[in-house]
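So this block is target00.cif, mmCIF, C-alpha atoms:
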data_target
loop_
_atom_site.label_atom_id
_atom_site.label_comp_id
_atom_site.auth_asym_id
_atom_site.auth_seq_id
_atom_site.Cartn_x
_atom_site.Cartn_y
_atom_site.Cartn_z
CA MET T 227 0.00 0.00 0.00
CA SER T 228 1.28 3.50 -0.90
CA LEU T 229 2.14 6.09 1.73
CA LEU T 230 -0.79 8.17 0.47
CA ALA T 231 -3.21 5.29 0.95
CA LEU T 232 -1.86 4.61 4.44
CA ALA T 233 -2.32 8.25 5.39
CA ALA T 234 -5.90 8.26 4.09
CA THR T 235 -6.70 5.10 6.06
CA ALA T 236 -5.30 6.67 9.22
CA LEU T 237 -7.36 9.82 8.72
CA LEU T 238 -10.54 7.81 8.19
CA ALA T 239 -9.85 5.80 11.35
CA ALA T 240 -9.30 8.97 13.35
CA ALA T 241 -12.51 10.51 12.01
CA ALA T 242 -14.65 7.43 12.68
CA PRO T 243 -16.92 7.76 15.74
CA VAL T 244 -15.70 5.88 18.78
CA ALA T 245 -18.22 3.34 20.03
CA PRO T 246 -19.26 3.98 23.65
CA ALA T 247 -17.78 1.62 26.20
CA ALA T 248 -20.05 -1.24 27.18
CA PRO T 249 -21.66 -0.66 30.57
CA ALA T 250 -19.97 -2.38 33.47
CA ALA T 251 -21.43 -5.72 34.38
CA ARG T 252 -23.92 -5.44 37.19
CA PRO T 253 -22.95 -7.70 40.12
CA ALA T 254 -26.63 -8.18 41.02
CA ASP T 255 -29.84 -7.53 39.10
CA HIS T 256 -31.91 -7.40 42.29
CA VAL T 257 -31.17 -6.33 45.87
CA PHE T 258 -33.56 -7.14 48.72
CA ILE T 259 -32.99 -5.26 51.97
CA LEU T 260 -34.73 -7.11 54.78
CA MET T 261 -35.02 -4.96 57.89
CA LEU T 262 -35.80 -6.91 61.06
CA ASP T 263 -37.11 -3.95 63.04
CA GLY T 264 -35.71 -3.89 66.57
CA THR T 265 -33.62 -7.06 66.27
CA ARG T 266 -30.49 -7.23 68.39
CA PRO T 267 -27.62 -9.14 66.76
CA ASP T 268 -26.84 -11.12 69.91
CA PHE T 269 -30.39 -12.48 70.03
CA LEU T 270 -30.36 -13.21 66.29
CA ARG T 271 -27.14 -15.16 66.80
CA ARG T 272 -28.66 -17.39 69.49
CA ALA T 273 -32.02 -17.81 67.73
CA ARG T 274 -32.92 -20.87 65.66
CA ALA T 275 -32.72 -18.92 62.41
CA PRO T 276 -31.27 -21.33 59.84
CA VAL T 277 -32.10 -19.22 56.80
CA ILE T 278 -30.42 -16.03 57.99
CA HIS T 279 -27.53 -17.97 59.53
CA ALA T 280 -26.97 -19.67 56.17
CA LEU T 281 -27.01 -16.32 54.38
CA ALA T 282 -24.37 -15.12 56.83
CA ALA T 283 -22.20 -18.21 56.35
CA GLN T 284 -22.41 -17.89 52.57
CA GLY T 285 -21.88 -14.13 52.56
CA THR T 286 -20.38 -11.37 54.72
CA THR T 287 -21.24 -10.56 58.34
CA PHE T 288 -20.32 -7.36 60.16
CA LEU T 289 -19.94 -7.98 63.89
CA GLN T 290 -19.85 -4.32 64.95
CA ALA T 291 -22.49 -2.67 62.79
CA GLU T 292 -24.33 0.29 64.28
CA THR T 293 -27.37 2.40 63.54
CA THR T 294 -27.58 6.19 63.79
CA TYR T 295 -28.38 8.22 66.90
CA PRO T 296 -31.04 8.47 68.19
CA SER T 297 -31.50 4.74 67.68
CA GLN T 298 -35.07 4.99 66.43
CA THR T 299 -37.06 3.66 63.48
CA ARG T 300 -38.08 7.04 62.09
CA VAL T 301 -34.46 8.22 61.90
CA ALA T 302 -32.89 4.96 60.72
CA PHE T 303 -35.35 4.42 57.88
CA VAL T 304 -34.24 7.71 56.37
CA SER T 305 -30.55 7.07 57.05
CA LEU T 306 -30.88 3.71 55.25
CA PRO T 307 -31.95 4.97 51.78
CA THR T 308 -29.99 8.24 51.92
CA GLY T 309 -26.80 6.72 53.30
CA SER T 310 -26.55 9.73 55.59
CA TYR T 311 -26.75 10.68 59.25
CA PRO T 312 -29.67 12.62 60.72
CA GLY T 313 -27.41 15.65 60.94
CA SER T 314 -27.30 15.53 57.12
CA HIS T 315 -30.78 14.36 56.10
CA GLY T 316 -32.72 16.37 58.69
CA ILE T 317 -35.08 13.77 60.20
CA VAL T 318 -33.86 14.02 63.77
CA GLY T 319 -36.36 11.86 65.68
CA GLY T 320 -39.74 12.10 67.33
CA ASP T 321 -43.27 12.45 66.02
CA GLU T 322 -42.92 16.23 66.06
CA ILE T 323 -40.13 18.69 65.44
CA LYS T 324 -40.11 22.27 66.70
CA ASP T 325 -38.47 24.53 64.15
CA ALA T 326 -36.61 27.75 64.96
CA SER T 327 -39.89 29.68 65.16
CA TRP T 328 -41.37 27.09 67.59
CA LYS T 329 -43.64 25.80 64.86
CA ASP T 330 -44.54 22.08 64.78
CA LEU T 331 -43.23 20.11 61.81
CA GLU T 332 -45.07 16.81 61.32
CA THR T 333 -42.60 14.08 60.41
CA GLY T 334 -44.75 11.51 58.66
CA ASN T 335 -47.19 9.92 61.08
CA ASN T 336 -50.18 11.16 59.09
CA ASP T 337 -48.72 11.91 55.67
CA PRO T 338 -45.26 10.43 55.12
CA ILE T 339 -45.22 11.39 51.45
CA ALA T 340 -45.71 15.08 52.27
CA ALA T 341 -42.98 14.83 54.91
CA GLN T 342 -40.48 13.72 52.24
CA ALA T 343 -40.01 17.43 51.58
CA LEU T 344 -38.14 17.61 54.90
CA VAL T 345 -35.45 15.15 53.77
CA ALA T 346 -32.35 17.08 52.78
CA ARG T 347 -30.46 14.28 50.98
CA PRO T 348 -31.37 12.19 47.90
CA THR T 349 -32.16 8.48 48.22
CA PHE T 350 -30.92 5.37 46.47
CA PHE T 351 -34.44 5.03 45.07
CA GLU T 352 -33.87 8.26 43.15
CA GLU T 353 -30.53 6.96 41.90
CA ALA T 354 -32.17 3.72 40.75
CA ALA T 355 -35.00 5.59 39.01
CA ALA T 356 -32.51 7.82 37.17
CA ALA T 357 -30.92 4.63 35.77
CA GLY T 358 -34.27 3.17 34.71
CA LEU T 359 -34.44 0.64 37.56
CA THR T 360 -37.56 -0.03 39.63
CA SER T 361 -38.00 -0.27 43.39
CA ILE T 362 -40.35 -1.00 46.29
CA TYR T 363 -40.42 0.44 49.81
CA ALA T 364 -42.70 -1.65 52.03
CA ALA T 365 -43.28 0.09 55.36
CA MET T 366 -44.75 -1.63 58.40
CA LYS T 367 -45.48 1.56 60.32
CA GLY T 368 -46.07 3.96 57.46
CA TYR T 369 -43.77 6.75 58.54
CA GLU T 370 -40.72 4.90 57.17
CA LEU T 371 -41.93 6.19 53.79
CA VAL T 372 -40.56 9.63 54.66
CA GLY T 373 -37.38 8.12 53.19
CA ALA T 374 -39.09 6.64 50.11
CA LYS T 375 -38.64 9.52 47.67
CA GLY T 376 -38.07 8.07 44.22
CA ALA T 377 -39.43 4.59 44.99
CA THR T 378 -41.51 3.18 42.14
CA TRP T 379 -44.03 1.49 44.42
CA THR T 380 -44.70 1.96 48.13
CA ILE T 381 -46.74 0.03 50.68
CA ASN T 382 -48.00 1.85 53.77
CA GLY T 383 -48.71 -0.94 56.24
CA LYS T 384 -50.57 1.44 58.55
CA GLN T 385 -53.21 1.59 55.82
CA THR T 386 -52.95 -1.81 54.11
CA LEU T 387 -52.49 -4.29 56.97
CA ASP T 388 -55.27 -5.96 58.97
CA GLN T 389 -56.63 -3.27 61.26
CA ALA T 390 -57.39 -5.61 64.16
CA ALA T 391 -53.80 -6.86 64.12
CA TYR T 392 -52.46 -3.35 63.73
CA ALA T 393 -54.50 -2.07 66.68
CA ALA T 394 -53.01 -4.85 68.85
CA ARG T 395 -49.40 -4.26 67.83
CA TYR T 396 -48.39 -3.11 71.34
CA ALA T 397 -51.06 -4.99 73.32
CA PRO T 398 -49.84 -7.64 75.82
CA ASP T 399 -53.05 -9.62 75.33
CA VAL T 400 -56.06 -9.76 73.04
CA SER T 401 -59.31 -10.97 74.61
CA GLY T 402 -57.23 -12.13 77.56
CA SER T 403 -54.84 -14.16 75.41
CA ALA T 404 -51.13 -13.34 75.17
CA ASP T 405 -50.77 -16.00 72.45
CA LEU T 406 -53.35 -14.23 70.30
CA ALA T 407 -51.56 -10.91 70.84
CA LEU T 408 -48.29 -12.51 69.71
CA TRP T 409 -49.98 -14.05 66.67
CA TYR T 410 -51.36 -10.66 65.65
CA LYS T 411 -47.89 -9.09 65.88
CA GLN T 412 -46.32 -11.83 63.77
CA ARG T 413 -49.17 -11.73 61.28
CA LEU T 414 -48.30 -8.13 60.44
CA SER T 415 -44.93 -9.21 59.01
CA ARG T 416 -46.48 -12.17 57.20
CA ASP T 417 -49.08 -9.94 55.54
CA LEU T 418 -46.59 -7.21 54.62
CA LEU T 419 -44.35 -9.79 52.97
CA ASP T 420 -47.33 -11.18 51.04
CA GLN T 421 -48.26 -7.70 49.82
CA THR T 422 -44.67 -7.10 48.77
CA LEU T 423 -44.45 -10.43 46.95
CA ALA T 424 -47.55 -9.59 44.93
CA LEU T 425 -45.67 -6.62 43.48
CA VAL T 426 -42.46 -8.62 43.10
CA ARG T 427 -44.23 -11.31 41.05
CA GLU T 428 -45.71 -8.71 38.75
CA HIS T 429 -42.76 -6.37 38.30
CA LYS T 430 -39.54 -8.11 39.40
CA PRO T 431 -38.13 -4.86 40.81
CA ASN T 432 -34.41 -4.23 41.11
CA LEU T 433 -34.41 -2.79 44.63
CA VAL T 434 -36.71 -3.77 47.51
CA VAL T 435 -36.76 -2.55 51.10
CA ILE T 436 -39.18 -4.23 53.49
CA ASN T 437 -39.59 -3.58 57.20
CA LEU T 438 -40.52 -6.81 58.95
CA GLY T 439 -41.56 -5.01 62.11
CA SER T 440 -42.81 -7.81 64.37
CA PRO T 441 -39.67 -8.07 66.57
CA ASP T 442 -40.02 -4.39 67.47
CA TYR T 443 -43.63 -4.73 68.60
CA VAL T 444 -42.80 -7.83 70.63
CA GLY T 445 -39.70 -6.21 72.14
CA HIS T 446 -41.69 -3.20 73.34
CA THR T 447 -44.54 -5.31 74.66
CA TRP T 448 -42.67 -8.01 76.59
CA GLY T 449 -39.03 -6.89 76.52
CA PRO T 450 -36.09 -8.37 74.61
CA GLU T 451 -35.31 -10.82 77.41
CA ALA T 452 -38.76 -12.46 77.19
CA PRO T 453 -39.15 -15.69 75.13
CA PRO T 454 -41.58 -14.19 72.58
CA TYR T 455 -38.82 -11.88 71.32
CA VAL T 456 -36.54 -14.70 70.17
CA HIS T 457 -39.53 -16.71 68.97
CA THR T 458 -40.52 -13.80 66.74
CA ILE T 459 -37.02 -13.48 65.30
CA GLU T 460 -37.30 -17.18 64.44
CA PHE T 461 -40.72 -16.57 62.87
CA VAL T 462 -39.28 -13.82 60.69
CA ASP T 463 -36.45 -16.14 59.67
CA GLY T 464 -39.12 -18.43 58.24
CA LEU T 465 -40.49 -15.50 56.23
CA VAL T 466 -37.03 -14.90 54.77
CA GLY T 467 -37.03 -18.54 53.72
CA ASP T 468 -40.44 -18.07 52.05
CA LEU T 469 -39.09 -15.04 50.19
CA LYS T 470 -36.09 -16.97 48.90
CA ALA T 471 -38.33 -19.80 47.71
CA GLU T 472 -40.52 -17.34 45.82
CA LEU T 473 -37.54 -15.70 44.15
CA GLN T 474 -36.36 -19.16 43.11
CA LYS T 475 -39.74 -19.80 41.45
CA LEU T 476 -39.46 -16.48 39.64
CA GLY T 477 -36.02 -17.43 38.34
CA ILE T 478 -34.23 -14.43 39.85
CA LEU T 479 -32.69 -15.86 43.03
CA GLU T 480 -29.25 -16.44 41.51
CA ARG T 481 -29.03 -12.80 40.46
CA THR T 482 -30.26 -11.44 43.80
CA ALA T 483 -28.23 -9.97 46.66
CA PHE T 484 -29.66 -9.81 50.18
CA VAL T 485 -29.00 -7.35 52.98
CA VAL T 486 -30.32 -8.40 56.39
CA SER T 487 -30.20 -5.73 59.06
CA ALA T 488 -32.22 -3.73 61.60
CA ASP T 489 -32.94 -0.12 62.44
CA HIS T 490 -32.00 -0.34 66.13
CA GLY T 491 -31.46 -2.73 69.02
CA PHE T 492 -33.28 -2.87 72.36
CA SER T 493 -32.85 -2.21 76.07
CA ASP T 494 -34.56 -4.18 78.80
CA VAL T 495 -35.96 -1.46 81.11
CA ASP T 496 -37.99 -1.05 84.30
CA PRO T 497 -41.58 -0.40 83.14
CA THR T 498 -42.74 0.74 86.58
CA ARG T 499 -40.81 4.03 86.56
CA VAL T 500 -42.47 6.06 83.80
CA ILE T 501 -41.12 9.49 82.94
CA ALA T 502 -43.62 11.98 81.46
CA PRO T 503 -46.51 9.48 81.36
CA ALA T 504 -48.56 9.67 78.17
CA GLY T 505 -52.24 10.44 78.58
CA ASP T 506 -51.82 11.61 82.21
CA THR T 507 -53.31 15.09 82.44
CA ALA T 508 -53.87 15.00 86.22
CA ARG T 509 -51.23 17.61 86.92
CA GLN T 510 -51.95 20.04 84.08
CA GLY T 511 -55.67 19.51 83.53
CA THR T 512 -57.38 18.37 80.38
CA GLY T 513 -55.71 21.10 78.33
CA GLY T 514 -52.20 19.81 79.08
CA ASP T 515 -50.24 16.84 77.89
CA ARG T 516 -47.77 15.49 80.41
CA ALA T 517 -46.10 13.33 77.75
CA HIS T 518 -44.39 16.46 76.45
CA THR T 519 -43.36 17.94 79.83
CA LEU T 520 -40.61 17.21 82.35
CA ASP T 521 -41.34 18.04 85.97
CA ALA T 522 -37.88 19.39 86.75
CA LEU T 523 -38.07 21.97 83.97
CA ALA T 524 -41.73 22.87 84.45
CA ALA T 525 -41.12 23.58 88.15
CA ARG T 526 -38.58 26.25 87.21
CA GLY T 527 -40.80 27.81 84.57
CA ILE T 528 -38.67 26.71 81.61
CA GLU T 529 -40.94 26.52 78.58
CA HIS T 530 -40.07 23.34 76.75
CA PHE T 531 -41.38 20.50 74.62
CA VAL T 532 -40.45 16.81 74.93
CA THR T 533 -40.43 14.47 71.95
CA ASN T 534 -40.13 10.69 72.27
CA THR T 535 -37.18 9.27 70.34
CA GLY T 536 -37.53 5.54 71.03
CA GLY T 537 -38.85 5.20 74.58
CA ALA T 538 -35.44 5.21 76.27
CA SER T 539 -34.36 8.60 74.94
CA LEU T 540 -36.02 11.95 74.46
CA GLY T 541 -35.47 15.27 72.79
CA VAL T 542 -36.09 18.54 74.61
CA TYR T 543 -36.79 21.79 72.79
CA VAL T 544 -36.22 24.82 75.04
CA ARG T 545 -38.07 27.98 73.99
CA ASP T 546 -35.62 30.41 75.60
CA LYS T 547 -32.18 29.39 74.34
CA ALA T 548 -30.53 31.37 77.14
CA ARG T 549 -31.90 28.74 79.56
CA VAL T 550 -30.47 25.65 77.83
CA ALA T 551 -27.52 25.41 80.24
CA GLU T 552 -29.91 25.76 83.18
CA ALA T 553 -32.07 22.96 81.77
CA VAL T 554 -29.00 20.73 81.47
CA ALA T 555 -28.02 21.39 85.09
CA LEU T 556 -31.53 20.60 86.31
CA LEU T 557 -31.76 17.36 84.35
CA ARG T 558 -28.39 16.16 85.60
CA ARG T 559 -29.89 16.04 89.08
CA GLU T 560 -32.57 13.57 87.97
CA PRO T 561 -31.72 9.95 88.90
CA TRP T 562 -33.18 8.60 85.65
CA VAL T 563 -30.90 10.69 83.40
CA GLU T 564 -27.98 8.67 82.04
CA ALA T 565 -26.55 11.20 79.57
CA VAL T 566 -27.32 14.61 78.10
CA TYR T 567 -26.17 15.68 74.64
CA CYS T 568 -26.43 19.20 73.25
CA GLU T 569 -24.67 21.63 70.93
CA PRO T 570 -23.74 24.71 73.02
CA ALA T 571 -20.36 24.09 74.67
CA PRO T 572 -21.18 26.28 77.71
CA ALA T 573 -24.00 23.87 78.63
CA HIS T 574 -21.37 21.20 79.50
CA CYS T 575 -23.21 18.23 78.02
CA ASP T 576 -21.67 14.76 77.84
CA LEU T 577 -21.19 14.98 74.09
CA SER T 578 -22.15 17.42 71.37
CA LEU T 579 -24.92 16.50 68.97
CA SER T 580 -22.50 17.23 66.12
CA SER T 581 -20.11 14.57 67.39
CA LEU T 582 -22.99 12.10 67.21
CA HIS T 583 -23.80 13.24 63.63
CA SER T 584 -27.23 14.25 64.94
CA TYR T 585 -27.24 18.04 64.77
CA PHE T 586 -29.38 19.59 62.03
CA PRO T 587 -29.60 23.37 62.56
CA GLY T 588 -33.12 24.66 63.07
CA ARG T 589 -34.62 21.22 63.70
CA SER T 590 -32.63 19.26 66.24
CA PRO T 591 -33.78 19.37 69.88
CA ASP T 592 -31.73 21.62 72.11
CA LEU T 593 -31.05 18.57 74.28
CA MET T 594 -31.05 14.84 73.69
CA VAL T 595 -31.43 12.87 76.92
CA ASP T 596 -30.76 9.15 77.34
CA LEU T 597 -32.71 7.50 80.15
CA ASP T 598 -31.14 5.05 82.54
CA ASP T 599 -32.46 1.53 81.97
CA ASP T 600 -34.33 1.78 85.28
CA ALA T 601 -36.84 4.13 83.63
CA THR T 602 -39.05 4.35 80.55
CA LEU T 603 -40.54 7.30 78.68
CA ASN T 604 -44.30 7.85 78.27
CA PHE T 605 -45.38 4.19 78.38
CA PRO T 606 -44.92 1.34 80.91
CA GLN T 607 -43.20 -0.95 78.43
CA PRO T 608 -40.37 -3.33 79.45
CA GLY T 609 -38.52 -2.90 76.16
CA GLN T 610 -37.36 0.47 74.81
CA HIS T 611 -34.60 1.93 72.63
CA GLY T 612 -33.26 5.23 71.34
CA THR T 613 -30.13 5.64 73.49
CA HIS T 614 -26.46 5.61 72.60
CA ARG T 615 -25.95 2.40 74.62
CA THR T 616 -24.51 -0.56 72.76
CA ASN T 617 -27.69 -2.61 73.19
CA ASP T 618 -29.64 0.07 71.32
CA MET T 619 -27.03 1.07 68.74
CA ARG T 620 -25.70 -2.34 67.66
CA ILE T 621 -27.55 -3.95 64.72
CA PRO T 622 -27.10 -7.09 62.63
CA LEU T 623 -25.66 -6.58 59.16
CA VAL T 624 -25.41 -9.52 56.76
CA LEU T 625 -24.85 -9.31 53.01
CA SER T 626 -25.23 -12.41 50.87
CA GLY T 627 -25.95 -13.59 47.35
CA ALA T 628 -25.02 -12.16 43.97
CA GLY T 629 -21.92 -9.97 44.01
CA VAL T 630 -21.14 -10.58 47.70
CA ALA T 631 -17.95 -12.07 49.09
CA HIS T 632 -18.34 -15.56 50.58
CA GLY T 633 -17.48 -16.52 54.13
CA VAL T 634 -16.20 -13.12 55.28
CA VAL T 635 -16.46 -11.88 58.87
CA ALA T 636 -15.80 -8.16 59.15
CA GLY T 637 -15.82 -5.59 61.94
CA LYS T 638 -17.19 -2.06 61.95
CA ALA T 639 -19.94 -0.79 59.68
CA SER T 640 -22.88 1.59 59.83
CA ILE T 641 -26.39 1.66 58.50
CA VAL T 642 -25.29 4.65 56.39
CA ASP T 643 -22.91 2.33 54.51
CA VAL T 644 -25.76 0.24 53.11
CA ALA T 645 -26.97 2.66 50.41
CA PRO T 646 -23.62 3.23 48.64
CA THR T 647 -22.89 -0.50 48.84
CA VAL T 648 -26.26 -1.37 47.31
CA LEU T 649 -25.61 1.03 44.44
CA ARG T 650 -22.30 -0.74 43.78
CA LEU T 651 -24.09 -4.11 43.74
CA LEU T 652 -26.59 -2.75 41.21
CA GLY T 653 -23.80 -1.36 39.04
CA LEU T 654 -24.93 2.24 39.53
CA PRO T 655 -22.44 5.12 39.50
CA GLY T 656 -23.62 6.93 42.63
CA THR T 657 -24.00 10.30 40.89
CA VAL T 658 -27.32 11.17 42.58
CA LEU T 659 -26.74 9.88 46.11
CA ARG T 660 -24.68 12.07 48.47
CA PRO T 661 -23.92 9.62 51.27
CA ASP T 662 -21.99 10.03 54.47
CA GLY T 663 -21.32 6.30 54.43
CA ARG T 664 -18.79 4.26 52.48
CA VAL T 665 -18.97 1.33 50.09
CA LEU T 666 -18.36 -1.83 52.12
CA GLU T 667 -15.61 -3.04 49.80
CA GLU T 668 -14.73 -5.94 52.09
CA ALA T 669 -18.21 -7.39 51.49
CA LEU T 670 -17.96 -7.42 47.70
CA ALA T 671 -16.85 -10.33 45.58
CA ARG T 672 -13.56 -9.78 43.76
#
Produce structure tokens that represent the structure in this file.
Amino acid sequence: MSLLALAATALLAAAAPVAPAAPAARPADHVFILMLDGTRPDFLRRARAPVIHALAAQGTTFLQAETTYPSQTRVAFVSLPTGSYPGSHGIVGGDEIKDASWKDLETGNNDPIAAQALVARPTFFEEAAAAGLTSIYAAMKGYELVGAKGATWTINGKQTLDQAAYAARYAPDVSGSADLALWYKQRLSRDLLDQTLALVREHKPNLVVINLGSPDYVGHTWGPEAPPYVHTIEFVDGLVGDLKAELQKLGILERTAFVVSADHGFSDVDPTRVIAPAGDTARQGTGGDRAHTLDALAARGIEHFVTNTGGASLGVYVRDKARVAEAVALLRREPWVEAVYCEPAPAHCDLSLSSLHSYFPGRSPDLMVDLDDDATLNFPQPGQHGTHRTNDMRIPLVLSGAGVAHGVVAGKASIVDVAPTVLRLLGLPGTVLRPDGRVLEEALAR
């Protein structure tokens, strides 16, 4: 070939359009995140839970995984899909938030979809939707859906589950029967899984989050040390087995990754010492609500508002910010106060809210207070959570299936690490999500 012909060939090659690179192979086509609401990892370990134990043996287990503070469902179920701490996403705990103007902000009990506007970080559902993938967020309690922005389909269990069972979710007996009360609590998870599977059969979504909330209801009702708590973890293990069997029938099990975790742990507490009893208006009359008032602060005329952040912790909004340090000093004298966290350094709290990744300006309580385990907030329940204690903060975290490393036992991890890791499993670039957490590289197959 002549030099002229060679030059022409080279020019044509340079001018030819370059074909786009083939997309990276997706480690998993489907990811199912199974949240065992209120399940402590030490009780899961000792339970007869062959399905979850097998997933752990065949995948990766983190022995020191933790949730976010306060250790509460409402907070964790926004940290999960955003991969961020409450100090970043803005859902800081409690049914109500007092903003800087002392206005109530409703955080999803009545309308979780409207409350999504309060979430300051994007979710992995939005990332999946941007890539053309589909998703489900199945919520046991309803308010978890505050974190569901971008999900293709949602299930609000507060509206869709059997109302008799839902009404008995915290009841120690139904018609005098503790067994019936337990059955109702377990039925809620069974029914929510069935509702989720109906969508899965029809759509085969890529990303599914489901809150199997029965352990939480049982833990509150009878305490984590009571036999029904472990029995319910074992019941939920059976549901995980049913889910796997259904995915096998659908032909997608081999391309599915599983994440098994929880939103918080549990503390066994003394139910006879109730702080700020709910529904007790004896002291303030019918116009007052003692559930939102602390005696020590009311006696000194400090205007404040208490919000329940799990039953073993509480948030306190103080109207006059100049009295925050005084409120701290008063609460430190109370025998039921284990720790006080706040932002102003002059208040001399145990830790700052910023150090706990829990400070969101304009929304966070002025004080977060952890109760000693000899007391309970609002309700005489033997099981509560919300504190920074290990029993409340430690959660199970197991990854297994497609794209996951086999037989790995790892150490520290956080619930905020789940979202970026799930995106990696789905082969997504993470251009929408702005997580505080990291990809759990040690859990991924090489």
Practice prompt. For a cut-off of 10 Å around (-30.3, -1.3, 44.7), file coordinates, pick out all residues using only C-alpha atoms and list them as a ChimeraX atom specification.
Written response: /T:254-259,307,350-351,353-354,359-361,431-435,483,644-654
Discussion item. Quick check, in Å to one decimal: how far apart do CA of Arg271 (chain T) and CA of Ser305 (chain T) lie?
Written reply: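 We find that CA of Arg271 (chain T) and CA of Ser305 (chain T) lie 24.5 Å from each other.
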Discussion item. Translate the PyMOL selection byres ((chain T and resi 371-375) around 10) into a concrete residue list for this structure, as a PyMOL selection string.
Written reply: chain T and resi 300-308+315+317+333-335+337-345+347-352+361-370+376-382+435
Just C-alpha atoms for this one: save the residues we selected as a tab-separated table (two decimals), in the coordinates of the input.
chain	number	residue	atom	x	y	z
T	300	ARG	CA	-38.08	7.04	62.09
T	301	VAL	CA	-34.46	8.22	61.90
T	302	ALA	CA	-32.89	4.96	60.72
T	303	PHE	CA	-35.35	4.42	57.88
T	304	VAL	CA	-34.24	7.71	56.37
T	305	SER	CA	-30.55	7.07	57.05
T	306	LEU	CA	-30.88	3.71	55.25
T	307	PRO	CA	-31.95	4.97	51.78
T	308	THR	CA	-29.99	8.24	51.92
T	315	HIS	CA	-30.78	14.36	56.10
T	317	ILE	CA	-35.08	13.77	60.20
T	333	THR	CA	-42.60	14.08	60.41
T	334	GLY	CA	-44.75	11.51	58.66
T	335	ASN	CA	-47.19	9.92	61.08
T	337	ASP	CA	-48.72	11.91	55.67
T	338	PRO	CA	-45.26	10.43	55.12
T	339	ILE	CA	-45.22	11.39	51.45
T	340	ALA	CA	-45.71	15.08	52.27
T	341	ALA	CA	-42.98	14.83	54.91
T	342	GLN	CA	-40.48	13.72	52.24
T	343	ALA	CA	-40.01	17.43	51.58
T	344	LEU	CA	-38.14	17.61	54.90
T	345	VAL	CA	-35.45	15.15	53.77
T	347	ARG	CA	-30.46	14.28	50.98
T	348	PRO	CA	-31.37	12.19	47.90
T	349	THR	CA	-32.16	8.48	48.22
T	350	PHE	CA	-30.92	5.37	46.47
T	351	PHE	CA	-34.44	5.03	45.07
T	352	GLU	CA	-33.87	8.26	43.15
T	361	SER	CA	-38.00	-0.27	43.39
T	362	ILE	CA	-40.35	-1.00	46.29
T	363	TYR	CA	-40.42	0.44	49.81
T	364	ALA	CA	-42.70	-1.65	52.03
T	365	ALA	CA	-43.28	0.09	55.36
T	366	MET	CA	-44.75	-1.63	58.40
T	367	LYS	CA	-45.48	1.56	60.32
T	368	GLY	CA	-46.07	3.96	57.46
T	369	TYR	CA	-43.77	6.75	58.54
T	370	GLU	CA	-40.72	4.90	57.17
T	376	GLY	CA	-38.07	8.07	44.22
T	377	ALA	CA	-39.43	4.59	44.99
T	378	THR	CA	-41.51	3.18	42.14
T	379	TRP	CA	-44.03	1.49	44.42
T	380	THR	CA	-44.70	1.96	48.13
T	381	ILE	CA	-46.74	0.03	50.68
T	382	ASN	CA	-48.00	1.85	53.77
T	435	VAL	CA	-36.76	-2.55	51.10
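You can rank T:Pro655, T:Gly663, T:Gly588, T:Pro608 by their closest distance to Gly449 (chain T) using all atoms listed in the file, and at the top of that list sits T:Pro608.
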Practice prompt. On this file, the PyMOL selection byres ((chain T and resi 523-531) around 12) gives some set of residues; write that set as a ChimeraX atom specification.
Written response: /T:320-325,328-330,502,509-510,514-522,532-534,540-560,591-594
Worksheet item: Separation of CA of Ser539 (chain T) and CA of Ile641 (chain T), in Å?
Response: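 Between CA of Ser539 (chain T) and CA of Ile641 (chain T) the gap works out to 19.5 Å.
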Fill in: Close residues, Leu473 (chain T) itself excluded, 12 Å, only C-alpha atoms, min 2 positions apart in chain, as a count of residues only
25
Worksheet entry | Spatial neighbours of Ser487 (chain T), max dist 10 Å, all atoms listed in the file, sep filter under 2 positions, as a ChimeraX atom specification | /T:259-267,291-293,437,484-485,489-490,621-625,641,644
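Taken over the shown file, the PyMOL selection byres ((chain T and resi 398) around 12) identifies Ala393, Ala394, Arg395, Tyr396, Ala397, Asp399, Val400, Ser401, Gly402, Ser403, Ala404, Asp405, Leu406, Ala407, Leu408, Trp409, Tyr410, Lys411, Tyr443, Val444, Gly445, His446, Thr447, Trp448, Gly449, Pro454, Pro606, Gln607 and Pro608 of chain T.
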With C-alpha atoms retained, write the just-selected residues as a compact mmCIF listing (two decimals), keeping the file's coordinate frame.
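Listing of again.txt after writing:
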# COMPACT_ATOMS: atom_id res chain seq x y z
CA ALA T 393 -54.50 -2.07 66.68
CA ALA T 394 -53.01 -4.85 68.85
CA ARG T 395 -49.40 -4.26 67.83
CA TYR T 396 -48.39 -3.11 71.34
CA ALA T 397 -51.06 -4.99 73.32
CA ASP T 399 -53.05 -9.62 75.33
CA VAL T 400 -56.06 -9.76 73.04
CA SER T 401 -59.31 -10.97 74.61
CA GLY T 402 -57.23 -12.13 77.56
CA SER T 403 -54.84 -14.16 75.41
CA ALA T 404 -51.13 -13.34 75.17
CA ASP T 405 -50.77 -16.00 72.45
CA LEU T 406 -53.35 -14.23 70.30
CA ALA T 407 -51.56 -10.91 70.84
CA LEU T 408 -48.29 -12.51 69.71
CA TRP T 409 -49.98 -14.05 66.67
CA TYR T 410 -51.36 -10.66 65.65
CA LYS T 411 -47.89 -9.09 65.88
CA TYR T 443 -43.63 -4.73 68.60
CA VAL T 444 -42.80 -7.83 70.63
CA GLY T 445 -39.70 -6.21 72.14
CA HIS T 446 -41.69 -3.20 73.34
CA THR T 447 -44.54 -5.31 74.66
CA TRP T 448 -42.67 -8.01 76.59
CA GLY T 449 -39.03 -6.89 76.52
CA PRO T 454 -41.58 -14.19 72.58
CA PRO T 606 -44.92 1.34 80.91
CA GLN T 607 -43.20 -0.95 78.43
CA PRO T 608 -40.37 -3.33 79.45
